[in-house]
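For reference, the structure is listed below as structure tokens.
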Amino acid sequence: MKQIIILCFLGLILSDSVIAQESDQSIFAVAREDGRAFVYHGKTIPLSHGFNVYRSVNGDEWNKLTDEPFYPATDGYDFKNMIDDLYPRAARMAERDDPQAVFLRLRSGTDLGLIATAANPEIAKAVGRLYIDAEAPIGEMVYYRFEIVDDLGRATGTEIEGRTTLEPLQPPAPSQLKIENKADQVTLNWSYVPQQNPQAENVLRFEIYYREVGSEGWQKANQDYVARTIGNTEFRYQFQVPRLGTKYVFRVHAADYSGQLSPPSEELTASITENVPPGIIRNVNASLHDRNTARVTWPVATELDVGGYHLYRARGDEEEYTKITDKLIPALQTAYLDSTVQPDHQYRYRVAALDTLGNEGEQSNPANVFVVDYRVPDPASSISAEYRDNKTIRIRWESSEVPGGLRTYQLFRRQVNPPGGSSYSQLNEDALLQTTWADSGIAGKRLVEGTTLEYGVSIISENGNRSDTVYTTVKIPDVTPPESPSFLETSMQKAQRVSLKWPASKSRDVIRYRVYRRELDESVDSMLAEVTRSNRYFRDEAVPLGQKFRYSVSAVDSLDNESIGVADTLMTRRMHAPASARNVQAVFMNGSVQLVWEGTSNEQVVGYNIYRSDIATGVYEPVGETDSDVLQWSDPAGKAGLWYKVFPVDALDREARTATATQAVERK
């Protein structure tokens, strides 16, 4: 896995940094502050072939850097001699013993071959993938060309060319070095900058060193390759130190492709002592000792240096275990009673053995026990229900502390008046944790006015135990007026009174009706009467005639809510035209005709119209009029022989149906 990750890392760097002549060939250069550039390529050169190297600065003419072609190792033994002390590491990387097999495997274009090239400049040079430019133009943009030649130094026509900027990068030092040990097995942990840090882009591996306190010589801890893996910033390495009971100093360096080491990390000093704890305790069990006590048991530890035990506990909803023993449980005591448990909780226990030096072993398997909660919540108190103007009922109550914690309050409702049955409806399906609830009625849309509802509240704790239910009632006020009668019918009777009729209101709670009257030019109704629900007829006996009135009828329920009135308008009048005038006389005297007559007793008469004609059966033309209290009229244009008719007129401008024709006579 490390090999694959590092190969990907190498491939990413090459693809980002190099312009290659061929898609499967590339050049990558690492510049150092000492003026050297380590120039790599990724092609496998045929056996017995070598190369010349050329360089062009900023696109200028090419300069040959090699006086003679460089020839890498041609076989395993040559390869072994060239890399010298690195051969054991190379053999381990190749997982081969024979030098020829190691050589052939590492010089191949496989993942392993590229990793070996990236890991060690000596190996890269021995297999022909590296040239070290000892006098590189640091800071310049440089082209390099590898010219592949045969064993006679003749060019083969294959060239590898690429471009790079030679900027020397000093690898940053590792940081946050930490150490832990298990006997002589030491584990170092450290942090390194992210892959995107440009100063560390060429760092590929780490080198770990240690020395005894008081000694000047640093020893290399890692004999194999310690990779810097892609995407990681945290690293670790394990190795053994020579002796226990000794103080050591540790540090870590980062190394780039050229083998250049970073400054050291901070140095860490630690005493490496015997710290291997006793083995894990197995077959731990837990059970209820009584209602409020758990009992934990385990087998005795078999190590001779066991000094005792510690007990750890976690609740069912917790991940971390907490030590609950302040002092060591003696080595031969294998049971513990825990009386600090709480009802309705799941507990997990673990046991760890400690040796006489205080080294604590791994915690045992968890042992589980559930403490049953038998506690029942106290009932709610001070429950009340109040109808609000927004057409909801607000239920409130109080609650004391719920043992084991509150799971929910549960609300119930039923209609008690008019009776709606004995069963209750549950109002809340989800958990309710507030001590108030707003009820909007059935399906949240309807509260029936005038009904009485009963509400109940029960408390349910987390353990599922339920308190007694407490109840309260509330009456929903009737604030909606009843429906009006659908119409009102008015009529005159015998020219003396007005008759009113109307149908029953559709509202069932109507107990009476109210009858109102007002003249049209007035703005306030006057109530004439209240009648019972069953009486839907009324007569206005004292109505003045000849006036227009507006009559209305409203429905009233048991709470005195009154509907809008249904209305009708009526002119109070006699049903027939006025009677004819009596004893009409016409006399011509002193140059005019004088008419006199007897008035009518009809209270509707408001005046008299006078008509005249030349003949008795001719067409009569109106010639005058008088008020109702004037019973005579003078016609200055009249003369003897003309004919006259007098018609009484009522308030509706109706004339008497008939009138007697009277001829004017001359009085001598």
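Quick note on naming: the chains in the structure tokens go A, B, ... in the order shown, residues restart at 1 in each chain, and ligands are numbered from 1 in order of appearance.
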
Using only C-alpha atoms, determine which residues lie at most 6 Å from range 98-105 of chain A, disregarding the query and same-chain residues fewer than 5 positions distant; provide the list as a short mmCIF file (atom, residue, chain, number, x, y, z; two decimals) with N, CA, C and O atoms, in the first residue's frame.
data_model
loop_
_atom_site.label_atom_id
_atom_site.label_comp_id
_atom_site.auth_asym_id
_atom_site.auth_seq_id
_atom_site.Cartn_x
_atom_site.Cartn_y
_atom_site.Cartn_z
N GLY A 76 23.76 -7.53 -11.69
CA GLY A 76 23.48 -7.45 -10.27
C GLY A 76 24.70 -7.18 -9.42
O GLY A 76 24.63 -6.43 -8.43
N TYR A 77 25.81 -7.79 -9.77
CA TYR A 77 27.01 -7.62 -8.96
C TYR A 77 27.60 -6.22 -9.13
O TYR A 77 28.10 -5.61 -8.18
N ALA A 91 17.74 -4.93 -1.32
CA ALA A 91 17.30 -6.32 -1.36
C ALA A 91 15.97 -6.49 -0.63
O ALA A 91 15.09 -7.26 -1.07
#

Inset, instruction - Determine which residues of range 205-430 of chain A DSSP labels as strand (DSSP E or B) from the backbone of this structure, then write them out as a ChimeraX atom specification. - result: /A:205-212,219-220,226-227,234-240,246-256,261,268-272,285-290,293-297,306-315,322-323,329,335-338,345-355,360,367-371,381-387,393-398,406-417,425-426

Can those selected residues be exported to a file as a compact mmCIF listing (two decimals), in the first residue's frame so that it contains C-alpha atoms?
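In the end it all went to selection.txt:
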# COMPACT_ATOMS: atom_id res chain seq x y z
CA ARG A 205 10.53 10.17 3.20
CA PHE A 206 11.71 10.55 6.78
CA GLU A 207 14.84 9.51 8.68
CA ILE A 208 14.62 8.70 12.42
CA TYR A 209 17.61 9.01 14.77
CA TYR A 210 18.21 8.34 18.46
CA ARG A 211 21.06 8.33 20.96
CA GLU A 212 21.55 7.58 24.63
CA GLN A 219 22.03 6.03 15.60
CA LYS A 220 19.72 5.60 12.63
CA VAL A 226 9.72 5.54 5.92
CA ALA A 227 7.35 7.02 3.38
CA GLU A 234 0.46 12.68 10.76
CA PHE A 235 3.12 9.91 10.74
CA ARG A 236 4.45 7.22 13.05
CA TYR A 237 7.28 4.70 13.21
CA GLN A 238 8.00 1.81 15.58
CA PHE A 239 11.38 0.32 16.45
CA GLN A 240 13.29 -1.27 19.31
CA THR A 246 17.87 3.95 29.74
CA LYS A 247 17.20 7.54 28.76
CA TYR A 248 17.24 8.24 25.02
CA VAL A 249 17.01 11.35 22.84
CA PHE A 250 14.96 11.12 19.62
CA ARG A 251 14.59 13.30 16.55
CA VAL A 252 13.22 13.05 12.99
CA HIS A 253 14.39 14.57 9.67
CA ALA A 254 12.50 14.93 6.39
CA ALA A 255 14.39 13.93 3.22
CA ASP A 256 13.77 14.95 -0.39
CA LEU A 261 17.78 16.27 5.04
CA LEU A 268 12.54 14.53 22.71
CA THR A 269 14.07 12.80 25.74
CA ALA A 270 12.34 9.80 27.33
CA SER A 271 13.15 7.02 29.78
CA ILE A 272 12.43 3.66 28.18
CA ASN A 285 -20.19 -10.28 34.31
CA ALA A 286 -22.66 -7.76 35.76
CA SER A 287 -26.07 -8.29 37.40
CA LEU A 288 -28.55 -6.56 39.71
CA HIS A 289 -27.77 -7.13 43.39
CA ASP A 290 -30.98 -5.36 44.45
CA THR A 293 -27.13 -1.85 43.35
CA ALA A 294 -25.20 -3.55 40.54
CA ARG A 295 -22.77 -6.44 41.16
CA VAL A 296 -19.71 -6.93 38.92
CA THR A 297 -17.63 -10.14 39.00
CA VAL A 306 -0.63 -8.20 39.64
CA GLY A 307 -1.20 -5.52 42.25
CA GLY A 308 -5.00 -5.12 41.93
CA TYR A 309 -7.85 -3.92 39.73
CA HIS A 310 -9.65 -0.75 38.70
CA LEU A 311 -13.30 -0.71 37.65
CA TYR A 312 -14.64 1.49 34.84
CA ARG A 313 -18.24 2.34 34.05
CA ALA A 314 -20.21 3.98 31.22
CA ARG A 315 -23.91 4.63 30.86
CA THR A 322 -15.10 6.61 33.77
CA LYS A 323 -13.05 5.04 36.53
CA ILE A 329 -9.33 -3.46 44.38
CA ALA A 335 -16.38 -8.80 42.95
CA TYR A 336 -17.58 -5.21 43.35
CA LEU A 337 -20.95 -3.71 44.42
CA ASP A 338 -21.85 -0.41 42.74
CA HIS A 345 -30.33 3.26 33.01
CA GLN A 346 -28.18 0.78 31.18
CA TYR A 347 -24.62 0.49 32.51
CA ARG A 348 -21.50 -1.05 31.01
CA TYR A 349 -18.58 -2.15 33.20
CA ARG A 350 -14.96 -2.95 32.37
CA VAL A 351 -12.18 -4.23 34.61
CA ALA A 352 -8.45 -3.53 34.17
CA ALA A 353 -5.60 -5.26 36.03
CA LEU A 354 -2.53 -3.30 37.25
CA ASP A 355 0.91 -4.63 38.12
CA GLU A 360 -2.45 -0.81 33.81
CA ALA A 367 -20.47 -6.35 31.04
CA ASN A 368 -23.98 -4.89 30.79
CA VAL A 369 -26.73 -4.46 33.35
CA PHE A 370 -30.01 -2.55 33.23
CA VAL A 371 -31.33 -0.96 36.43
CA SER A 381 -51.38 20.00 39.72
CA SER A 382 -53.18 23.32 39.21
CA ILE A 383 -54.66 22.22 35.91
CA SER A 384 -56.89 24.81 34.26
CA ALA A 385 -58.57 25.35 30.89
CA GLU A 386 -59.48 28.79 29.54
CA TYR A 387 -61.30 29.74 26.35
CA ILE A 393 -58.68 26.63 24.62
CA ARG A 394 -55.46 27.10 26.60
CA ILE A 395 -54.77 24.24 29.03
CA ARG A 396 -52.17 24.83 31.75
CA TRP A 397 -50.83 22.69 34.57
CA GLU A 398 -47.90 22.38 36.94
CA LEU A 406 -39.79 13.43 31.62
CA ARG A 407 -40.66 11.63 28.41
CA THR A 408 -43.89 13.50 27.65
CA TYR A 409 -47.09 14.96 28.99
CA GLN A 410 -50.16 13.27 27.52
CA LEU A 411 -53.41 15.20 27.04
CA PHE A 412 -56.94 13.82 26.70
CA ARG A 413 -60.32 15.41 25.83
CA ARG A 414 -63.97 14.44 25.79
CA GLN A 415 -67.29 16.28 25.49
CA VAL A 416 -69.40 16.11 28.64
CA ASN A 417 -72.27 18.47 27.71
CA SER A 425 -59.43 11.44 22.56
CA GLN A 426 -55.65 11.71 22.89

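Summary of the local environment: counting only C-alpha atoms, residues at most 12 Å from Asn390 in chain A, other than itself and those fewer than 6 positions away along its chain, are Ala438, Asp439, Ser440, Lys445, Arg446 and Leu447 of chain A.
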
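Straight-line separation from CA of Thr480 in chain A to CA of Asp389 in chain A: 12.2 Å.
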
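Within the 7 Å cut-off around range 657-660 of chain A, using only C-alpha atoms and omitting residues fewer than 2 positions from it on the same chain, the listed residues are Ala577, Ser580, Ala581, Lys645, Val646, Phe647, Glu655 and Thr662 of chain A.
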
Legend entry - Expected answer as a PyMOL selection string: helix (DSSP H, G or I) residues in range 24-101 of chain A: chain A and resi 76-94+99-101

Inset, instruction - Return the single residue from A:Asn222, A:Ser554, A:Thr600, A:Asn292 that is closest to Arg582 in chain A, with distances computed using only C-alpha atoms. - result: A:Thr600

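Across A:Asp560, A:Glu489, A:Glu201, A:Asp184, the tightest approach to Arg536 in chain A is made by A:Glu489 when counting only C-alpha atoms.
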
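Going from CA of Val457 in chain A to CA of Ile442 in chain A covers 17.9 Å.
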
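With distances restricted to only C-alpha atoms, A:Ser175 is the closest residue to Pro263 in chain A from A:Gln663, A:Gln185, A:Ser458, A:Ser175.
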
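Closest to Asn63 in chain A among A:Arg163, A:Arg375, A:Arg107, A:Arg145 is A:Arg145, based on only C-alpha atoms.
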
Inset, instruction - Do a neighbour search on Phe549 in chain A at 6 Å with only C-alpha atoms, toss out local chain neighbours closer than 5 positions, and write the hits as a ChimeraX atom specification. - result: /A:518-520,569-570

Inset, instruction - Write out as number ranges by chain each polymer residue whose atoms come within 7 Å of range 38-45 of chain A, counting only C-alpha atoms; drop sequence neighbours fewer than 4 positions from it. - result: A: 25-31, 49, 107-109, 128-133, 258

Legend entry - A:Pro403, A:Glu462, A:Asn275, A:Thr392 ranked by distance to Thr356 in chain A, top pick (using only C-alpha atoms): A:Asn275
